[in-house]
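Chemist: CSV, C-alpha atoms, file protein16.csv:
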chain,number,residue,atom,x,y,z
A,1,MET,CA,14.7,-3.8,-16.8
A,2,ARG,CA,13.4,-7.2,-17.9
A,3,VAL,CA,11.9,-9.7,-15.6
A,4,SER,CA,14.6,-12.2,-16.6
A,5,GLU,CA,17.3,-9.8,-15.2
A,6,ILE,CA,15.3,-9.2,-12.0
A,7,LEU,CA,15.2,-13.0,-11.4
A,8,GLN,CA,19.0,-13.1,-11.8
A,9,ILE,CA,19.7,-10.1,-9.6
A,10,LEU,CA,17.4,-11.4,-6.8
A,11,ASP,CA,18.2,-15.1,-7.2
A,12,ALA,CA,14.4,-15.4,-7.3
A,13,ARG,CA,11.8,-17.7,-8.7
A,14,ILE,CA,9.0,-16.8,-11.1
A,15,ILE,CA,5.8,-18.6,-10.1
A,16,CYS,CA,3.3,-17.0,-12.4
A,17,GLY,CA,3.8,-15.7,-15.9
A,18,GLU,CA,6.8,-17.9,-16.6
A,19,HIS,CA,6.5,-17.2,-20.3
A,20,ARG,CA,6.7,-13.5,-19.9
A,21,THR,CA,10.2,-13.0,-18.7
A,22,ASP,CA,10.7,-10.4,-21.4
A,23,TYR,CA,8.3,-8.0,-19.7
A,24,THR,CA,10.0,-4.8,-18.9
A,25,ILE,CA,9.4,-2.7,-15.8
A,26,ASP,CA,10.2,1.0,-15.7
A,27,VAL,CA,10.0,1.8,-12.0
A,28,ALA,CA,9.8,0.1,-8.7
A,29,PHE,CA,7.7,0.7,-5.6
A,30,ALA,CA,8.1,-1.0,-2.2
A,31,SER,CA,5.3,-1.1,0.3
A,32,ASP,CA,3.2,-3.4,2.5
A,33,LEU,CA,0.3,-1.1,2.6
A,34,MET,CA,-2.1,-1.4,-0.3
A,35,SER,CA,-3.8,1.9,0.1
A,36,ASP,CA,-0.5,3.5,-0.7
A,37,VAL,CA,0.0,1.3,-3.8
A,38,LEU,CA,-3.4,2.5,-5.0
A,39,THR,CA,-2.2,6.0,-5.3
A,40,LEU,CA,0.4,5.2,-7.9
A,41,LYS,CA,-0.1,6.6,-11.4
A,42,ASN,CA,2.9,5.1,-13.2
A,43,ASP,CA,3.0,2.4,-15.9
A,44,HIS,CA,5.2,-0.7,-15.9
A,45,VAL,CA,5.6,-0.7,-12.1
A,46,LEU,CA,7.4,-3.4,-10.2
A,47,LEU,CA,5.7,-3.8,-6.8
A,48,ILE,CA,8.0,-5.1,-4.1
A,49,THR,CA,6.1,-6.3,-1.0
A,50,GLY,CA,6.2,-8.6,1.9
A,51,LEU,CA,2.4,-8.7,2.0
A,52,ALA,CA,1.5,-12.0,0.4
A,53,ASN,CA,-2.2,-12.3,0.4
A,54,MET,CA,-5.1,-11.9,-2.0
A,55,GLN,CA,-5.3,-8.2,-1.5
A,56,THR,CA,-1.9,-7.7,-3.0
A,57,ILE,CA,-3.1,-9.3,-6.2
A,58,ARG,CA,-6.4,-7.3,-6.1
A,59,THR,CA,-4.5,-4.1,-5.5
A,60,ALA,CA,-2.2,-4.8,-8.5
A,61,GLU,CA,-5.3,-5.6,-10.6
A,62,MET,CA,-6.9,-2.3,-9.6
A,63,SER,CA,-3.8,-0.3,-10.2
A,64,ASP,CA,-2.7,-2.0,-13.5
A,65,ILE,CA,0.5,-3.3,-11.9
A,66,ASN,CA,1.7,-6.3,-13.9
A,67,CYS,CA,4.7,-7.5,-11.9
A,68,ILE,CA,5.0,-8.3,-8.1
A,69,VAL,CA,8.1,-9.4,-6.2
A,70,PHE,CA,7.2,-11.0,-2.8
A,71,ALA,CA,10.2,-10.5,-0.6
A,72,ARG,CA,10.9,-12.0,2.9
A,73,ASN,CA,10.6,-15.5,1.5
A,74,LYS,CA,6.8,-15.1,1.3
A,75,LYS,CA,4.9,-17.5,-0.8
A,76,ALA,CA,1.9,-17.0,-3.0
A,77,SER,CA,-1.1,-19.3,-2.4
A,78,ARG,CA,-2.8,-21.2,-5.2
A,79,GLU,CA,-5.7,-18.8,-5.0
A,80,MET,CA,-3.4,-15.9,-5.4
A,81,ILE,CA,-1.7,-17.5,-8.4
A,82,ALA,CA,-5.0,-18.2,-10.0
A,83,LEU,CA,-6.1,-14.5,-9.6
A,84,ALA,CA,-2.8,-13.3,-10.9
A,85,GLU,CA,-3.0,-15.5,-14.0
A,86,GLU,CA,-6.5,-14.3,-14.7
A,87,ASN,CA,-5.2,-10.7,-14.7
A,88,ASP,CA,-1.8,-11.4,-16.5
A,89,ILE,CA,0.2,-10.4,-13.4
A,90,ILE,CA,3.7,-11.8,-13.1
A,91,LEU,CA,4.6,-13.1,-9.6
A,92,ILE,CA,8.1,-13.5,-8.3
A,93,GLU,CA,9.2,-15.0,-5.0
A,94,CYS,CA,12.5,-13.8,-3.4
A,95,ARG,CA,14.0,-15.0,-0.2
A,96,TYR,CA,15.8,-11.8,0.6
A,97,SER,CA,14.5,-9.1,3.0
A,98,MET,CA,12.8,-6.1,1.6
A,99,PHE,CA,15.8,-4.1,2.5
A,100,LYS,CA,18.2,-6.3,0.5
A,101,THR,CA,15.7,-6.7,-2.4
A,102,CYS,CA,15.3,-3.0,-2.8
A,103,GLY,CA,19.0,-2.4,-2.3
A,104,LEU,CA,20.1,-4.8,-5.0
A,105,LEU,CA,17.6,-3.6,-7.6
A,106,TYR,CA,18.4,0.1,-6.8
A,107,GLU,CA,22.1,-0.6,-7.3
A,108,ALA,CA,21.3,-2.4,-10.6
A,109,GLY,CA,19.8,0.8,-11.8
A,110,VAL,CA,16.0,0.3,-11.3
A,111,LYS,CA,14.4,3.7,-10.9
A,112,PRO,CA,12.1,4.8,-8.2
A,113,ILE,CA,8.7,6.2,-9.0
A,114,PHE,CA,8.8,9.9,-9.9
B,1,MET,CA,30.3,1.9,12.2
B,2,MET,CA,28.0,4.6,10.9
B,3,THR,CA,25.7,6.5,13.3
B,4,VAL,CA,22.2,7.8,12.7
B,5,ALA,CA,23.7,11.3,12.3
B,6,ASP,CA,26.0,10.1,9.5
B,7,ILE,CA,22.9,8.7,7.7
B,8,VAL,CA,20.9,11.9,8.2
B,9,LYS,CA,23.7,13.8,6.6
B,10,ALA,CA,24.4,11.4,3.7
B,11,LEU,CA,20.8,11.0,2.8
B,12,ASN,CA,19.7,14.5,3.5
B,13,LEU,CA,17.0,13.4,6.0
B,14,LYS,CA,14.8,15.6,8.1
B,15,VAL,CA,14.9,15.0,11.9
B,16,PHE,CA,11.4,15.2,13.3
B,17,SER,CA,12.2,14.1,16.9
B,18,GLY,CA,14.5,12.2,19.1
B,19,ALA,CA,17.6,14.1,18.2
B,20,GLY,CA,19.1,12.9,21.5
B,21,GLY,CA,19.6,9.5,19.8
B,22,LEU,CA,21.4,10.7,16.7
B,23,ASP,CA,24.6,9.2,17.9
B,24,ARG,CA,23.2,5.7,17.9
B,25,GLU,CA,25.1,3.2,15.8
B,26,VAL,CA,23.5,1.7,12.8
B,27,SER,CA,23.8,-2.0,12.2
B,28,GLY,CA,21.6,-2.3,9.1
B,29,GLY,CA,18.2,-1.5,7.7
B,30,TYR,CA,14.7,-3.0,7.9
B,31,VAL,CA,11.9,-2.2,5.5
B,32,SER,CA,8.3,-3.1,6.4
B,33,ASP,CA,5.0,-1.5,7.1
B,34,LEU,CA,3.6,-4.6,8.9
B,35,LEU,CA,4.1,-4.2,12.6
B,36,SER,CA,4.0,-7.9,13.5
B,37,ASP,CA,6.7,-8.5,10.9
B,38,VAL,CA,9.0,-5.9,12.4
B,39,MET,CA,8.3,-7.3,15.9
B,40,GLY,CA,9.3,-10.7,14.7
B,41,LYS,CA,12.3,-10.1,12.5
B,42,ALA,CA,13.9,-6.7,13.0
B,43,ASP,CA,17.3,-6.6,14.8
B,44,ALA,CA,18.6,-4.1,17.3
B,45,GLY,CA,20.5,-1.2,15.8
B,46,GLN,CA,18.6,-1.3,12.5
B,47,VAL,CA,17.1,1.7,10.9
B,48,TRP,CA,13.4,1.0,10.2
B,49,ILE,CA,12.0,2.4,6.9
B,50,THR,CA,8.2,2.7,6.8
B,51,LEU,CA,5.3,4.9,6.1
B,52,GLN,CA,3.4,4.0,9.3
B,53,THR,CA,3.2,7.1,11.5
B,54,HIS,CA,1.2,6.1,14.6
B,55,LYS,CA,2.3,5.5,18.2
B,56,ASN,CA,2.8,1.8,17.9
B,57,VAL,CA,5.7,2.5,15.6
B,58,MET,CA,7.6,3.9,18.6
B,59,ALA,CA,6.5,1.2,20.9
B,60,ILE,CA,8.0,-1.3,18.6
B,61,ALA,CA,11.2,0.7,17.8
B,62,SER,CA,11.8,0.8,21.5
B,63,LEU,CA,11.1,-2.8,22.2
B,64,LYS,CA,13.4,-3.9,19.4
B,65,ASP,CA,16.0,-1.3,20.3
B,66,LEU,CA,16.1,0.1,16.8
B,67,ALA,CA,18.5,2.9,15.9
B,68,ALA,CA,16.0,5.1,14.1
B,69,VAL,CA,12.8,5.2,12.1
B,70,ILE,CA,12.7,6.8,8.6
B,71,LEU,CA,9.2,7.9,7.4
B,72,VAL,CA,9.1,8.0,3.6
B,73,SER,CA,7.0,9.8,1.0
B,74,GLY,CA,6.7,12.9,3.1
B,75,TYR,CA,4.9,11.3,5.9
B,76,LYS,CA,5.1,13.0,9.3
B,77,PRO,CA,4.8,11.3,12.7
B,78,ALA,CA,1.7,11.6,14.8
B,79,GLU,CA,2.1,13.9,17.8
B,80,ASN,CA,2.2,11.2,20.4
B,81,THR,CA,4.6,9.2,18.2
B,82,ALA,CA,7.0,12.1,18.2
B,83,GLU,CA,6.6,12.6,21.9
B,84,GLN,CA,7.6,9.0,22.6
B,85,SER,CA,10.5,9.3,20.3
B,86,GLU,CA,11.8,12.2,22.4
B,87,GLU,CA,11.4,10.1,25.6
B,88,GLU,CA,13.1,7.1,24.1
B,89,ASN,CA,15.8,9.1,22.2
B,90,ILE,CA,15.1,7.1,19.1
B,91,PRO,CA,15.1,9.5,16.2
B,92,ILE,CA,12.2,9.8,13.8
B,93,LEU,CA,13.6,10.9,10.4
B,94,GLY,CA,11.8,11.9,7.3
B,95,THR,CA,12.2,12.1,3.5
B,96,ASP,CA,10.0,12.9,0.5
B,97,LYS,CA,11.5,10.0,-1.4
B,98,SER,CA,9.8,6.7,-1.8
B,99,ALA,CA,10.7,3.7,0.3
B,100,PHE,CA,12.4,2.0,-2.6
B,101,GLU,CA,14.6,5.0,-3.3
B,102,VAL,CA,15.7,5.8,0.2
B,103,THR,CA,16.2,2.1,0.9
B,104,GLY,CA,18.4,1.8,-2.2
B,105,GLU,CA,20.5,4.8,-1.0
B,106,LEU,CA,20.8,3.4,2.5
B,107,TYR,CA,21.8,0.0,1.3
B,108,THR,CA,24.5,1.5,-0.9
B,109,LEU,CA,25.7,3.4,2.0
B,110,ILE,CA,26.0,0.8,4.7
B,111,LYS,CA,26.1,-2.6,3.0
C,1,MET,CA,-29.3,2.0,-16.9
C,2,GLU,CA,-27.8,-1.4,-16.0
C,3,HIS,CA,-28.1,-2.4,-12.4
C,4,HIS,CA,-25.8,-4.8,-10.6
C,5,GLU,CA,-25.6,-6.0,-7.0
C,6,PHE,CA,-22.7,-7.6,-5.1
C,7,ASN,CA,-22.8,-8.8,-1.6
C,8,ILE,CA,-19.9,-8.0,0.7
C,9,GLU,CA,-19.0,-10.1,3.6
C,10,GLY,CA,-17.5,-8.3,6.6
C,11,GLY,CA,-14.1,-9.7,7.6
C,12,ASP,CA,-13.7,-11.7,4.4
C,13,PHE,CA,-10.4,-10.3,3.2
C,14,THR,CA,-10.0,-13.2,0.7
C,15,ARG,CA,-13.0,-12.0,-1.2
C,16,ALA,CA,-12.5,-8.2,-0.8
C,17,GLY,CA,-12.1,-6.6,-4.1
C,18,TYR,CA,-14.3,-9.0,-6.1
C,19,ALA,CA,-17.1,-6.5,-6.6
C,20,SER,CA,-14.7,-3.7,-7.7
C,21,SER,CA,-13.0,-6.1,-10.1
C,22,GLN,CA,-16.4,-6.8,-11.7
C,23,VAL,CA,-16.9,-3.0,-12.1
C,24,LYS,CA,-13.5,-2.8,-13.7
C,25,LYS,CA,-14.4,-5.5,-16.2
C,26,MET,CA,-17.7,-3.7,-17.1
C,27,LEU,CA,-15.9,-0.4,-17.7
C,28,LYS,CA,-13.2,-2.0,-19.8
C,29,GLN,CA,-15.8,-3.7,-21.9
C,30,MET,CA,-17.5,-0.4,-22.5
C,31,GLY,CA,-14.3,1.1,-23.7
C,32,VAL,CA,-14.2,3.8,-21.0
C,33,ASP,CA,-11.0,5.9,-20.9
C,34,VAL,CA,-8.3,4.1,-18.9
C,35,ALA,CA,-7.7,7.0,-16.5
C,36,ILE,CA,-11.4,7.1,-15.6
C,37,ILE,CA,-11.4,3.4,-15.1
C,38,LYS,CA,-8.5,3.6,-12.7
C,39,ARG,CA,-10.1,6.4,-10.6
C,40,THR,CA,-13.4,4.6,-10.5
C,41,VAL,CA,-11.9,1.4,-9.5
C,42,VAL,CA,-9.6,2.8,-6.8
C,43,ALA,CA,-12.6,4.6,-5.2
C,44,ALA,CA,-14.8,1.5,-5.4
C,45,TYR,CA,-12.1,-0.8,-4.1
C,46,GLU,CA,-11.3,1.4,-1.1
C,47,ALA,CA,-15.0,1.6,-0.3
C,48,GLU,CA,-15.4,-2.1,-0.6
C,49,VAL,CA,-12.4,-2.8,1.7
C,50,ASN,CA,-13.9,-0.4,4.2
C,51,VAL,CA,-17.0,-2.5,4.4
C,52,VAL,CA,-14.9,-5.7,4.8
C,53,ALA,CA,-12.6,-4.1,7.4
C,54,HIS,CA,-15.2,-2.4,9.6
C,55,ALA,CA,-18.7,-3.7,8.9
C,56,TYR,CA,-20.5,-7.0,9.6
C,57,SER,CA,-22.0,-7.2,6.1
C,58,GLY,CA,-22.9,-5.0,3.2
C,59,ALA,CA,-23.5,-4.7,-0.5
C,60,MET,CA,-22.4,-2.7,-3.6
C,61,TYR,CA,-25.0,-1.5,-5.9
C,62,VAL,CA,-23.9,-0.4,-9.4
C,63,ASP,CA,-26.0,1.6,-11.8
C,64,ILE,CA,-24.2,2.2,-15.1
C,65,ASN,CA,-24.8,3.7,-18.5
C,66,ARG,CA,-22.6,5.3,-21.2
C,67,GLU,CA,-22.5,8.6,-19.4
C,68,GLU,CA,-22.1,7.8,-15.8
C,69,VAL,CA,-21.7,5.1,-13.1
C,70,LYS,CA,-23.1,5.3,-9.6
C,71,ILE,CA,-21.6,3.0,-7.1
C,72,GLU,CA,-23.4,2.8,-3.8
C,73,LEU,CA,-22.3,0.8,-0.8
C,74,ARG,CA,-24.5,0.2,2.1
C,75,ASP,CA,-23.4,-1.7,5.1
C,76,GLN,CA,-24.6,-3.0,8.5
C,77,GLY,CA,-22.0,-2.2,11.0
C,78,PRO,CA,-20.7,0.2,13.7
C,79,GLY,CA,-21.0,3.3,11.5
C,80,ILE,CA,-18.6,6.2,11.5
C,81,GLU,CA,-18.7,8.5,14.5
C,82,ASP,CA,-17.2,11.6,13.0
C,83,ILE,CA,-17.1,11.5,9.2
C,84,GLU,CA,-14.9,14.6,8.9
C,85,GLN,CA,-12.4,13.2,11.2
C,86,ALA,CA,-12.4,9.9,9.4
C,87,MET,CA,-11.7,11.7,6.1
C,88,GLN,CA,-8.3,12.9,7.5
C,89,GLU,CA,-5.3,11.2,6.1
C,90,GLY,CA,-3.7,9.0,8.6
C,91,TYR,CA,-6.8,8.7,10.9
C,92,SER,CA,-7.8,5.1,11.3
C,93,THR,CA,-10.0,3.0,13.5
C,94,ALA,CA,-8.8,-0.2,12.0
C,95,SER,CA,-8.0,-3.1,14.2
C,96,SER,CA,-4.5,-4.5,14.3
C,97,ALA,CA,-5.7,-7.5,12.3
C,98,VAL,CA,-6.8,-5.2,9.5
C,99,ARG,CA,-3.5,-3.4,9.6
C,100,GLU,CA,-1.7,-6.7,9.2
C,101,MET,CA,-3.8,-7.2,6.0
C,102,GLY,CA,-2.1,-4.2,4.5
C,103,PHE,CA,-4.9,-1.8,5.2
C,104,GLY,CA,-5.9,0.5,8.0
C,105,ALA,CA,-3.3,3.2,7.3
C,106,GLY,CA,-6.1,5.7,7.3
C,107,MET,CA,-5.9,6.5,3.6
C,108,GLY,CA,-9.0,4.8,2.3
C,109,LEU,CA,-11.5,7.7,2.5
C,110,SER,CA,-9.1,10.3,1.3
C,111,ASN,CA,-8.2,8.0,-1.7
C,112,MET,CA,-11.9,7.8,-2.4
C,113,LYS,CA,-12.3,11.6,-2.2
C,114,LYS,CA,-9.3,12.2,-4.5
C,115,ASN,CA,-10.6,9.8,-7.2
C,116,ALA,CA,-14.4,10.1,-7.2
C,117,ASP,CA,-16.1,12.8,-9.2
C,118,GLU,CA,-18.7,12.9,-6.5
C,119,LEU,CA,-18.6,11.3,-3.0
C,120,HIS,CA,-21.3,11.2,-0.5
C,121,ILE,CA,-21.0,9.6,2.9
C,122,GLU,CA,-23.7,9.2,5.6
C,123,SER,CA,-23.7,7.1,8.7
C,124,GLU,CA,-25.6,6.1,11.8
C,125,LEU,CA,-23.7,4.9,14.8
C,126,GLY,CA,-24.5,1.4,15.7
C,127,LYS,CA,-26.4,0.8,12.4
C,128,GLY,CA,-24.2,1.3,9.4
C,129,THR,CA,-22.8,3.5,6.6
C,130,ARG,CA,-23.9,4.5,3.2
C,131,VAL,CA,-21.4,5.6,0.6
C,132,VAL,CA,-22.2,6.9,-2.9
C,133,ILE,CA,-19.6,7.3,-5.6
C,134,ARG,CA,-20.4,8.9,-8.9
C,135,MET,CA,-18.2,9.0,-11.9
C,136,GLN,CA,-18.6,10.7,-15.3
C,137,LEU,CA,-17.6,8.1,-17.9
C,138,ASN,CA,-17.1,10.2,-21.0
C,139,ALA,CA,-15.4,13.2,-19.7
C,140,THR,CA,-12.8,13.4,-22.5
C,141,THR,CA,-13.0,16.0,-25.3
C,142,GLY,CA,-14.4,15.3,-28.7
C,143,ASP,CA,-17.8,13.9,-27.7
Go ahead and render the structure in this file as structure tokens.

Modeler:
Amino acid sequence: MRVSEILQILDARIICGEHRTDYTIDVAFASDLMSDVLTLKNDHVLLITGLANMQTIRTAEMSDINCIVFARNKKASREMIALAEENDIILIECRYSMFKTCGLLYEAGVKPIF
Amino acid sequence: MMTVADIVKALNLKVFSGAGGLDREVSGGYVSDLLSDVMGKADAGQVWITLQTHKNVMAIASLKDLAAVILVSGYKPAENTAEQSEEENIPILGTDKSAFEVTGELYTLIK
Amino acid sequence: MEHHEFNIEGGDFTRAGYASSQVKKMLKQMGVDVAIIKRTVVAAYEAEVNVVAHAYSGAMYVDINREEVKIELRDQGPGIEDIEQAMQEGYSTASSAVREMGFGAGMGLSNMKKNADELHIESELGKGTRVVIRMQLNATTGD
């Protein structure tokens, strides 16, 4: 699924990587705990999280995750956006709960990690 | 309204503990691994989906009057967490599926 | 052998990961296999976060050449009381503040063990901990 579609489904804002809405994600993973995210081995992962801090960006960088949705109306700080930009990570802000965010994407056909 | 037992059946979940609470009614779902977030925002009757397994999970489930806790990715509750679940009659359920997947299924079921 | 040193500040979650990120850049520049980079970086990052989460201060020492990288972390802090217990998945001594940061689920050490080619941990209660991670960098066939 393309980032542009995700933005539509979640009624969300893209705040980093605006020019990369064509980026395609294959699978989604939802977690607030970064150690868990570090165990992922998939490519083109969409990380859905309510943890909006520098560590989320660092973890994405370490795990080669290029797209993050911050749910729960969490906002990315300027520092976070700078680090994301440096690493070509797309950041999306969504006001829905994690429950609804995952639910909507799942129903739209986004696959879980295998 | 669906009960926890209905959800267990529909999503093929394991029941680790707290079977006495399987008849609790489910009002919705809440997905979070951050305890302070759940304390602040979760509503009574919701099913909490998380991978946190320690005792504080039950303390919060009890305080917030949640219907059940689903542990994802094959996680199992700590012994004292399971014990408290039995005391409170708040079921701890389990699945091998990831949070995203089981949330998606639950959402489709109860939205 | 190239040698690099990075200071790690205890409690500074904003900065945590900076040293591991530098290691990643080094490995990428050297053209190391992507899978090996990922494993190295995950082990280094978990180790770095452990210093930030538990110690007062510490440092990461990186020695690297084409064949292998040695990442050593030494910290000044409470130390680990029972290393074997600490290695268990789910076992954590993290404060609630650390858990709110997204860590402290008790998976750091086991993540390190799973990813490192060699892992050595020693500790002295009340003084600090020393972790050594070793990775072979050209493990793929067709040398």

Chemist: As a list in words, could you give me every residue of chain A near chain C (at most 6 Å apart, counting only C-alpha atoms)?

Modeler: Asp32, Leu33, Met34 and Met54 of chain A

Chemist: Hey, which bits of chain A sit within 6 Å of chain B, and for each residue what's the closest pair of atoms and how far apart in Å (one decimal), counting only C-alpha atoms, rows by chain and increasing number, as a Markdown table?

Modeler:
| residue | atom | partner | partner_atom | distance |
| --- | --- | --- | --- | --- |
| A:Phe29 | CA | B:Phe100 | CA | 5.7 |
| A:Ala30 | CA | B:Phe100 | CA | 5.3 |
| A:Asp32 | CA | B:Asp33 | CA | 5.3 |
| A:Met98 | CA | B:Val31 | CA | 5.6 |
| A:Phe99 | CA | B:Val31 | CA | 5.3 |
| A:Cys102 | CA | B:Gly104 | CA | 5.7 |
| A:Gly103 | CA | B:Gly104 | CA | 4.2 |
| A:Tyr106 | CA | B:Gly104 | CA | 4.9 |
| A:Pro112 | CA | B:Glu101 | CA | 5.5 |

Chemist: List every protein, DNA or RNA residue that has at least one atom no more than 9 Å from (13.1, 15.6, 12.0) in the file's coordinates, counting all atoms listed in the file, and write the result as a count of residues only.

Modeler: 12

Chemist: Measuring between all atoms listed in the file, which one of C:Asp75, C:Glu68, C:Asp63, C:Glu124 shows the shortest distance to C:Asn7?

Modeler: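 Result for the nearest residue to C:Asn7: C:Asp75.
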
Chemist: Work out how far atom CA of C:Gly77 is from atom CA of C:Tyr56, in Å to one decimal.

Modeler: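 Separating atom CA of C:Tyr56 from atom CA of C:Gly77 is a distance of 5.2 Å.
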
Chemist: So which one's closest to chain C, B:Leu35, B:Ile70, B:Ile110, B:Leu63? Using only C-alpha atoms, please.

Modeler: B:Leu35

Chemist: If I take atom CA of C:Glu9 and atom CA of C:Gly79, how far is one from the other in Å, to one decimal?

Modeler: 15.7 Å

Chemist: Expressed in Å to a single decimal, how great is the separation between atom CA of A:Arg2 and atom CA of A:Phe70?

Modeler: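 Atom CA of A:Phe70 lies at a distance of 16.8 Å from atom CA of A:Arg2.
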
Chemist: Please provide the set of residues having any atom within 10 Å of C:Gly126, restricted to only C-alpha atoms, with same-chain residues fewer than 3 positions apart removed, written as a list in words.

Modeler: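 Answer for this query is Gln76, Gly77, Pro78, Gly79, Ile80, Glu81, Ser123 and Thr129 of chain C.
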